[in-house]
Structure formats: C-alpha cells, structure tokens
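Next up, my_file.csv (CSV, C-alpha atoms and all ligand atoms):
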chain,number,residue,atom,x,y,z
A,1,MET,CA,0.0,0.0,0.0
A,2,ILE,CA,1.2,3.5,-0.9
A,3,LEU,CA,-0.2,6.7,0.4
A,4,THR,CA,0.3,9.3,-2.3
A,5,LEU,CA,0.2,13.1,-1.9
A,6,ILE,CA,-0.7,15.2,-4.9
A,7,GLY,CA,-1.3,18.9,-5.4
A,8,TYR,CA,0.2,22.0,-6.9
A,9,ARG,CA,3.6,23.4,-6.0
A,10,GLY,CA,3.4,25.0,-2.5
A,11,SER,CA,0.5,22.8,-1.4
A,12,GLY,CA,2.6,21.2,1.4
A,13,LYS,CA,3.2,17.7,0.1
A,14,SER,CA,6.9,17.5,1.3
A,15,THR,CA,6.0,19.0,4.7
A,16,ILE,CA,3.0,16.7,5.3
A,17,ALA,CA,4.6,13.4,4.0
A,18,PRO,CA,7.1,13.0,6.9
A,19,LEU,CA,4.3,13.8,9.5
A,20,LEU,CA,2.1,11.0,8.0
A,21,ALA,CA,5.0,8.6,7.8
A,22,GLN,CA,5.9,9.2,11.4
A,23,ALA,CA,2.4,8.6,12.6
A,24,LEU,CA,2.0,5.4,10.5
A,25,GLY,CA,5.5,4.1,11.2
A,26,TRP,CA,6.1,4.1,7.4
A,27,GLU,CA,8.9,5.5,5.2
A,28,TRP,CA,8.4,8.5,3.0
A,29,LEU,CA,10.1,10.1,0.1
A,30,ASP,CA,9.8,13.1,-2.2
A,31,ALA,CA,9.8,11.8,-5.8
A,32,ASP,CA,11.5,15.0,-7.1
A,33,VAL,CA,14.3,14.8,-4.6
A,34,VAL,CA,15.0,11.2,-5.6
A,35,LEU,CA,14.9,12.2,-9.3
A,36,GLU,CA,17.3,15.0,-8.8
A,37,ALA,CA,19.8,12.9,-6.8
A,38,ARG,CA,19.7,10.2,-9.5
A,39,ALA,CA,20.0,12.6,-12.4
A,40,GLY,CA,22.8,14.6,-10.6
A,41,ARG,CA,21.0,17.7,-11.8
A,42,SER,CA,18.3,20.0,-10.4
A,43,ILE,CA,14.9,19.9,-12.0
A,44,ARG,CA,15.5,23.4,-13.2
A,45,GLU,CA,18.7,22.2,-15.0
A,46,ILE,CA,16.9,19.2,-16.4
A,47,PHE,CA,14.2,21.5,-17.9
A,48,ALA,CA,16.8,23.9,-19.3
A,49,GLU,CA,19.2,21.3,-20.7
A,50,SER,CA,16.9,18.4,-21.8
A,51,GLY,CA,13.4,19.9,-21.8
A,52,GLU,CA,10.1,19.3,-20.0
A,53,ALA,CA,9.3,16.1,-21.9
A,54,GLU,CA,12.5,14.5,-20.6
A,55,PHE,CA,11.7,15.6,-17.1
A,56,ARG,CA,8.2,14.1,-17.4
A,57,ARG,CA,9.7,10.8,-18.6
A,58,LEU,CA,12.0,10.6,-15.7
A,59,GLU,CA,9.2,11.7,-13.3
A,60,ARG,CA,6.9,8.9,-14.5
A,61,GLN,CA,9.7,6.3,-14.4
A,62,GLY,CA,10.5,7.1,-10.8
A,63,ILE,CA,6.9,7.2,-9.6
A,64,CYS,CA,6.2,3.8,-11.2
A,65,GLU,CA,9.1,2.4,-9.4
A,66,HIS,CA,8.1,4.0,-6.0
A,67,LEU,CA,4.6,2.7,-6.4
A,68,GLN,CA,5.9,-0.9,-6.4
A,69,ARG,CA,7.0,-0.5,-2.8
A,70,SER,CA,4.8,-0.9,0.3
A,71,LYS,CA,4.2,1.2,3.5
A,72,LEU,CA,5.4,4.3,1.8
A,73,VAL,CA,4.2,7.9,1.9
A,74,LEU,CA,5.0,9.4,-1.5
A,75,ALA,CA,5.2,13.1,-2.1
A,76,THR,CA,4.9,13.8,-5.9
A,77,GLY,CA,5.6,16.8,-8.0
A,78,GLY,CA,2.8,19.1,-8.9
A,79,GLY,CA,2.6,17.9,-12.5
A,80,ALA,CA,2.9,14.2,-11.9
A,81,ILE,CA,-0.9,13.8,-12.4
A,82,LEU,CA,-0.6,15.0,-16.1
A,83,ASN,CA,0.0,11.4,-17.2
A,84,PRO,CA,-3.2,9.3,-17.3
A,85,ASP,CA,-1.3,6.0,-16.7
A,86,THR,CA,0.4,7.6,-13.6
A,87,ARG,CA,-3.0,8.8,-12.3
A,88,ARG,CA,-4.4,5.3,-12.7
A,89,GLU,CA,-1.4,3.6,-11.1
A,90,MET,CA,-1.4,6.0,-8.1
A,91,ARG,CA,-5.1,5.2,-7.5
A,92,ALA,CA,-4.5,1.4,-7.7
A,93,ALA,CA,-1.6,1.6,-5.2
A,94,GLY,CA,-3.6,3.1,-2.3
A,95,PRO,CA,-5.2,6.3,-1.0
A,96,VAL,CA,-4.4,9.5,-3.0
A,97,VAL,CA,-4.6,12.7,-1.0
A,98,TRP,CA,-5.0,16.0,-2.8
A,99,LEU,CA,-3.7,19.0,-0.8
A,100,LYS,CA,-6.0,21.7,-2.2
A,101,ALA,CA,-5.2,25.4,-2.0
A,102,ASP,CA,-6.4,28.4,-3.9
A,103,ALA,CA,-4.1,30.2,-6.4
A,104,GLU,CA,-3.5,33.2,-4.1
A,105,THR,CA,-2.4,31.0,-1.2
A,106,LEU,CA,-0.1,29.0,-3.4
A,107,HIS,CA,1.5,32.1,-4.9
A,108,THR,CA,2.2,33.5,-1.4
A,109,ARG,CA,3.8,30.2,-0.3
A,110,ILE,CA,5.8,29.7,-3.5
A,111,THR,CA,7.2,33.2,-3.5
A,112,ALA,CA,8.1,32.9,0.3
A,113,ASP,CA,10.0,29.7,-0.4
A,114,HIS,CA,13.7,30.6,-0.8
A,115,THR,CA,14.4,27.4,-2.8
A,116,THR,CA,11.9,28.5,-5.6
A,117,ALA,CA,14.4,30.4,-7.8
A,118,GLU,CA,17.0,27.7,-7.6
A,119,ARG,CA,14.8,24.6,-7.9
A,120,ARG,CA,11.5,25.5,-9.7
A,121,PRO,CA,11.6,26.0,-13.5
A,122,GLN,CA,9.0,28.4,-14.9
A,123,LEU,CA,6.3,26.3,-16.5
A,124,THR,CA,4.6,28.8,-18.9
A,125,ALA,CA,5.7,32.0,-20.7
A,126,THR,CA,4.1,34.2,-18.0
A,127,GLY,CA,5.3,32.7,-14.8
A,128,GLY,CA,4.1,34.2,-11.5
A,129,ALA,CA,0.5,34.4,-10.3
A,130,ALA,CA,-0.9,34.1,-13.9
A,131,GLU,CA,0.9,30.8,-14.4
A,132,ILE,CA,-0.6,29.4,-11.2
A,133,SER,CA,-4.1,30.5,-12.1
A,134,HIS,CA,-3.8,29.1,-15.6
A,135,LEU,CA,-2.2,25.7,-14.6
A,136,LEU,CA,-4.6,25.3,-11.6
A,137,ALA,CA,-7.5,25.6,-14.0
A,138,VAL,CA,-6.0,22.9,-16.3
A,139,ARG,CA,-5.0,20.6,-13.5
A,140,GLU,CA,-7.8,20.9,-10.9
A,141,PRO,CA,-10.0,18.3,-12.8
A,142,LEU,CA,-7.0,15.9,-12.8
A,143,TYR,CA,-6.2,16.3,-9.1
A,144,ARG,CA,-9.9,15.8,-8.4
A,145,GLU,CA,-10.1,12.8,-10.6
A,146,THR,CA,-7.1,11.1,-9.0
A,147,ALA,CA,-7.7,11.9,-5.4
A,148,SER,CA,-9.6,9.6,-3.0
A,149,ILE,CA,-9.3,12.2,-0.2
A,150,VAL,CA,-9.4,16.0,-0.7
A,151,ILE,CA,-8.1,18.3,2.0
A,152,GLU,CA,-8.8,22.0,1.9
A,153,THR,CA,-5.5,23.2,3.4
A,154,ARG,CA,-6.3,26.9,3.8
A,155,GLY,CA,-6.1,28.0,7.4
A,156,LEU,CA,-4.8,24.7,8.7
A,157,THR,CA,-1.4,24.0,10.2
A,158,ALA,CA,0.7,21.1,8.9
A,159,ALA,CA,-0.1,19.1,12.0
A,160,GLN,CA,-3.8,19.7,11.5
A,161,ILE,CA,-3.6,18.7,7.9
A,162,ALA,CA,-1.8,15.4,8.8
A,163,GLU,CA,-4.4,14.7,11.5
A,164,GLU,CA,-7.3,15.3,9.1
A,165,ILE,CA,-5.8,13.0,6.5
A,166,LEU,CA,-5.2,10.2,9.1
A,167,SER,CA,-8.8,10.6,10.3
A,168,ARG,CA,-10.1,10.1,6.8
A,169,LEU,CA,-8.1,7.0,5.8
A,170,PRO,CA,-10.2,4.0,5.0
A,171,ALA,CA,-11.0,1.7,8.0
A,172,ASP,CA,-9.1,-1.2,6.4
A,173,PHE,CA,-6.0,0.9,5.8
A,174,SER,CA,-2.6,-0.6,6.7
A,201,LIG,C1,6.2,20.8,-11.3
A,201,LIG,C2,6.2,20.8,-9.9
A,201,LIG,C3,7.5,20.6,-9.2
A,201,LIG,C4,8.5,19.8,-10.1
A,201,LIG,C5,8.6,20.4,-11.4
A,201,LIG,C6,7.3,20.5,-12.2
A,201,LIG,C7,4.9,21.1,-11.9
A,201,LIG,O1,7.2,19.9,-8.0
A,201,LIG,O2,8.0,18.4,-10.2
A,201,LIG,O3,9.2,21.7,-11.2
A,201,LIG,O4,4.7,20.8,-13.1
A,201,LIG,O5,4.0,21.6,-11.2
A,201,LIG,P1,6.6,20.5,-6.7
A,201,LIG,O6,5.2,20.4,-6.8
A,201,LIG,O7,7.2,19.7,-5.6
A,201,LIG,O8,7.2,22.0,-6.6

The structure in this file should be written as structure tokens.
Ligand code: S3P
Amino acid sequence: MILTLIGYRGSGKSTIAPLLAQALGWEWLDADVVLEARAGRSIREIFAESGEAEFRRLERQGICEHLQRSKLVLATGGGAILNPDTRREMRAAGPVVWLKADAETLHTRITADHTTAERRPQLTATGGAAEISHLLAVREPLYRETASIVIETRGLTAAQIAEEILSRLPADFS
C-alpha cells in the first residue's frame, strides 16, 4: 500500500509526508528529490538542458518504481498527475490525497520559499501568479479525478492537515 500526496507546488506535500510517515510508522520520500539525486541535476537544470518532456519521462519512471514499494508515503511533483497512466497507477496503489489550496495562497507560499528560484523552473511564458491560475484551471480536474481524499489546506497547520488525513483514511488501511 502506498499513500500518495498530490497537489500544486506549494501545497505542502513534502511537509506533510514525513508527518504522516511518522504517525504510520512508514517510510516517506519526495519523488522529485530522488529524481534530482539520481540525475545529478536539479529539476531546473533538467528542464533547461533536456526539456520538460524528458523531465516528465524521468518523473513517470521514478513514480512507477516507487509505487511498487509498500508502506510508503509518496510526495509527488505538482505535474505528476498529467500522465493518465500515472494517475491510474497511483489510485491502484492506495489512497491518494489532494492537498488543495487556492491560487493566491499557493502564490504566497511559492514566493516565500527561498528554494523556488533555484529549484523550480518556470512552466509557462508568463510565470508568477498568472501561471498558477492558468495551470490550476487545467490541473484541478486531474487532481480531483485522481484523489480519493481532498483536503482544503487553507487556514490549517501542517499538524492539523496530517491529523485530518489520518482521520479520513479507510478503515481497512494498513
Ligand atoms: C512541477 C512541480 C514541481 C516539479 C517540477 C514541475 C509542476 O514539483 O516536479 O518543477 O509541473 O507543477 P513541486 O510540486 O514539488 O514543486
């Protein structure tokens, strides 16, 4: 069984994953961190040197591999749900939690994160708040379709979000 976290950049996936793992006595990993370590390049460098399509190929390959494990909390990149096979495989592996936040909240969090400039490639020509609104409109149906649990994160602390997720896991979850 895998507990997968999905959601836009800045939705809190990598913050919440270790809290869940600790509560469950499971391991956790951030798929993008593993990908960067394996590639020996940052995601920003992979986008710049090899293009987004190559990044998406590596992303899918890594996630498929992680989904074969068990008792793992998996934090995924914001665009991991763009691939229909990945969406299906995430759902088949266990609960999928969407950490939902509105565009304004995400923009505030992303700009406050000092690793943004170094790690996060711009995904559209506009960047900034317009990019978030545009991509959220495209992706929200995909996050919704993939998720078995949706958490409205606005106004909640990380601990409260983790608690809410744990309380909503299916009864037969292990
Ligand atoms: C992306 C989100 C990033 C990373 C890559 C692409 C996206 O992950 O996978 O920069 O398409 O939204 P985070 O959601 O962890 O920032």

Between A:Arg56, A:Arg88, A:Arg41, A:His134, which residue has the minimum interatomic distance to ligand LIG 201 (chain A), considering all atoms listed in the file?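 Under the stated criterion, the closest residue is A:Arg56.
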
Could you produce a table of the residues of chain A lying within 6 Å of ligand LIG 201 (chain A), with the nearest pair of atoms per residue and their separation in Å rounded to one decimal, using only C-alpha atoms and all ligand atoms, ordered by chain and increasing residue number, as JSON lines?
{"residue": "A:Tyr8", "atom": "CA", "partner": "A:LIG201", "partner_atom": "O6", "distance": 5.3}
{"residue": "A:Arg9", "atom": "CA", "partner": "A:LIG201", "partner_atom": "O6", "distance": 3.5}
{"residue": "A:Asp32", "atom": "CA", "partner": "A:LIG201", "partner_atom": "O2", "distance": 5.8}
{"residue": "A:Gly77", "atom": "CA", "partner": "A:LIG201", "partner_atom": "O1", "distance": 3.5}
{"residue": "A:Gly78", "atom": "CA", "partner": "A:LIG201", "partner_atom": "O6", "distance": 3.4}
{"residue": "A:Gly79", "atom": "CA", "partner": "A:LIG201", "partner_atom": "O4", "distance": 3.6}
{"residue": "A:Arg120", "atom": "CA", "partner": "A:LIG201", "partner_atom": "O3", "distance": 4.7}
{"residue": "A:Pro121", "atom": "CA", "partner": "A:LIG201", "partner_atom": "O3", "distance": 5.4}

Tell me which of A:Ala101, A:Ile161, A:Leu135, A:Leu82 sits closest to Ala17 in chain A, counting all atoms listed in the file.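 With all atoms listed in the file as the atom set, the closest residue is A:Ile161.
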
For Ala93 in chain A, work out the shell of residues within 6 Å, counting all atoms listed in the file and skipping chain neighbours fewer than 3 positions away, then give it as a list in words. Met1, Ile2 and Met90 of chain A

Please measure the separation of CA of Leu3 in chain A and CA of Trp28 in chain A, giving the value in Å to one decimal.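 So the two atoms, CA of Leu3 in chain A and CA of Trp28 in chain A, lie 9.2 Å apart.
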
Anything within 10 Å of (1.9, 15.1, -15.4): list those residues as a PyMOL selection string, counting only C-alpha atoms and sticking to the file's coordinates. chain A and resi 53+55-57+59-60+77-87+139+142

Could you jot down the CA of Gly7 in chain A to CA of Leu99 in chain A separation for me, Å, one decimal place?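 We find that CA of Gly7 in chain A and CA of Leu99 in chain A lie 5.2 Å from each other.
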
Quote the spacing between CA of Val34 in chain A and CA of Phe173 in chain A in Å to one decimal place.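 So the answer is 26.0 Å.
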
Name the closest residue to Glu118 in chain A among the candidates A:Leu29, A:Leu169, A:Ile43, A:Val150; distances are taken between atoms, counting all atoms listed in the file.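 Of A:Leu29, A:Leu169, A:Ile43, A:Val150, the one nearest Glu118 in chain A, counting all atoms listed in the file, is A:Ile43.
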
May I ask which of the residues A:Leu106, A:Val73, A:Ile165, A:Ala23 is the closest one to Ile132 in chain A, counting only C-alpha atoms?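 The closest residue to Ile132 in chain A is A:Leu106.
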
Could you name the residues that touch Arg168 in chain A at 12 Å or less, counting all atoms listed in the file, but leaving out those on the same chain fewer than 2 positions away, as a count of residues only? 17

Which of these, A:Lys100, A:His107, A:Arg119, A:His114, has the shortest distance to Leu156 in chain A once you count all atoms listed in the file? A:Lys100
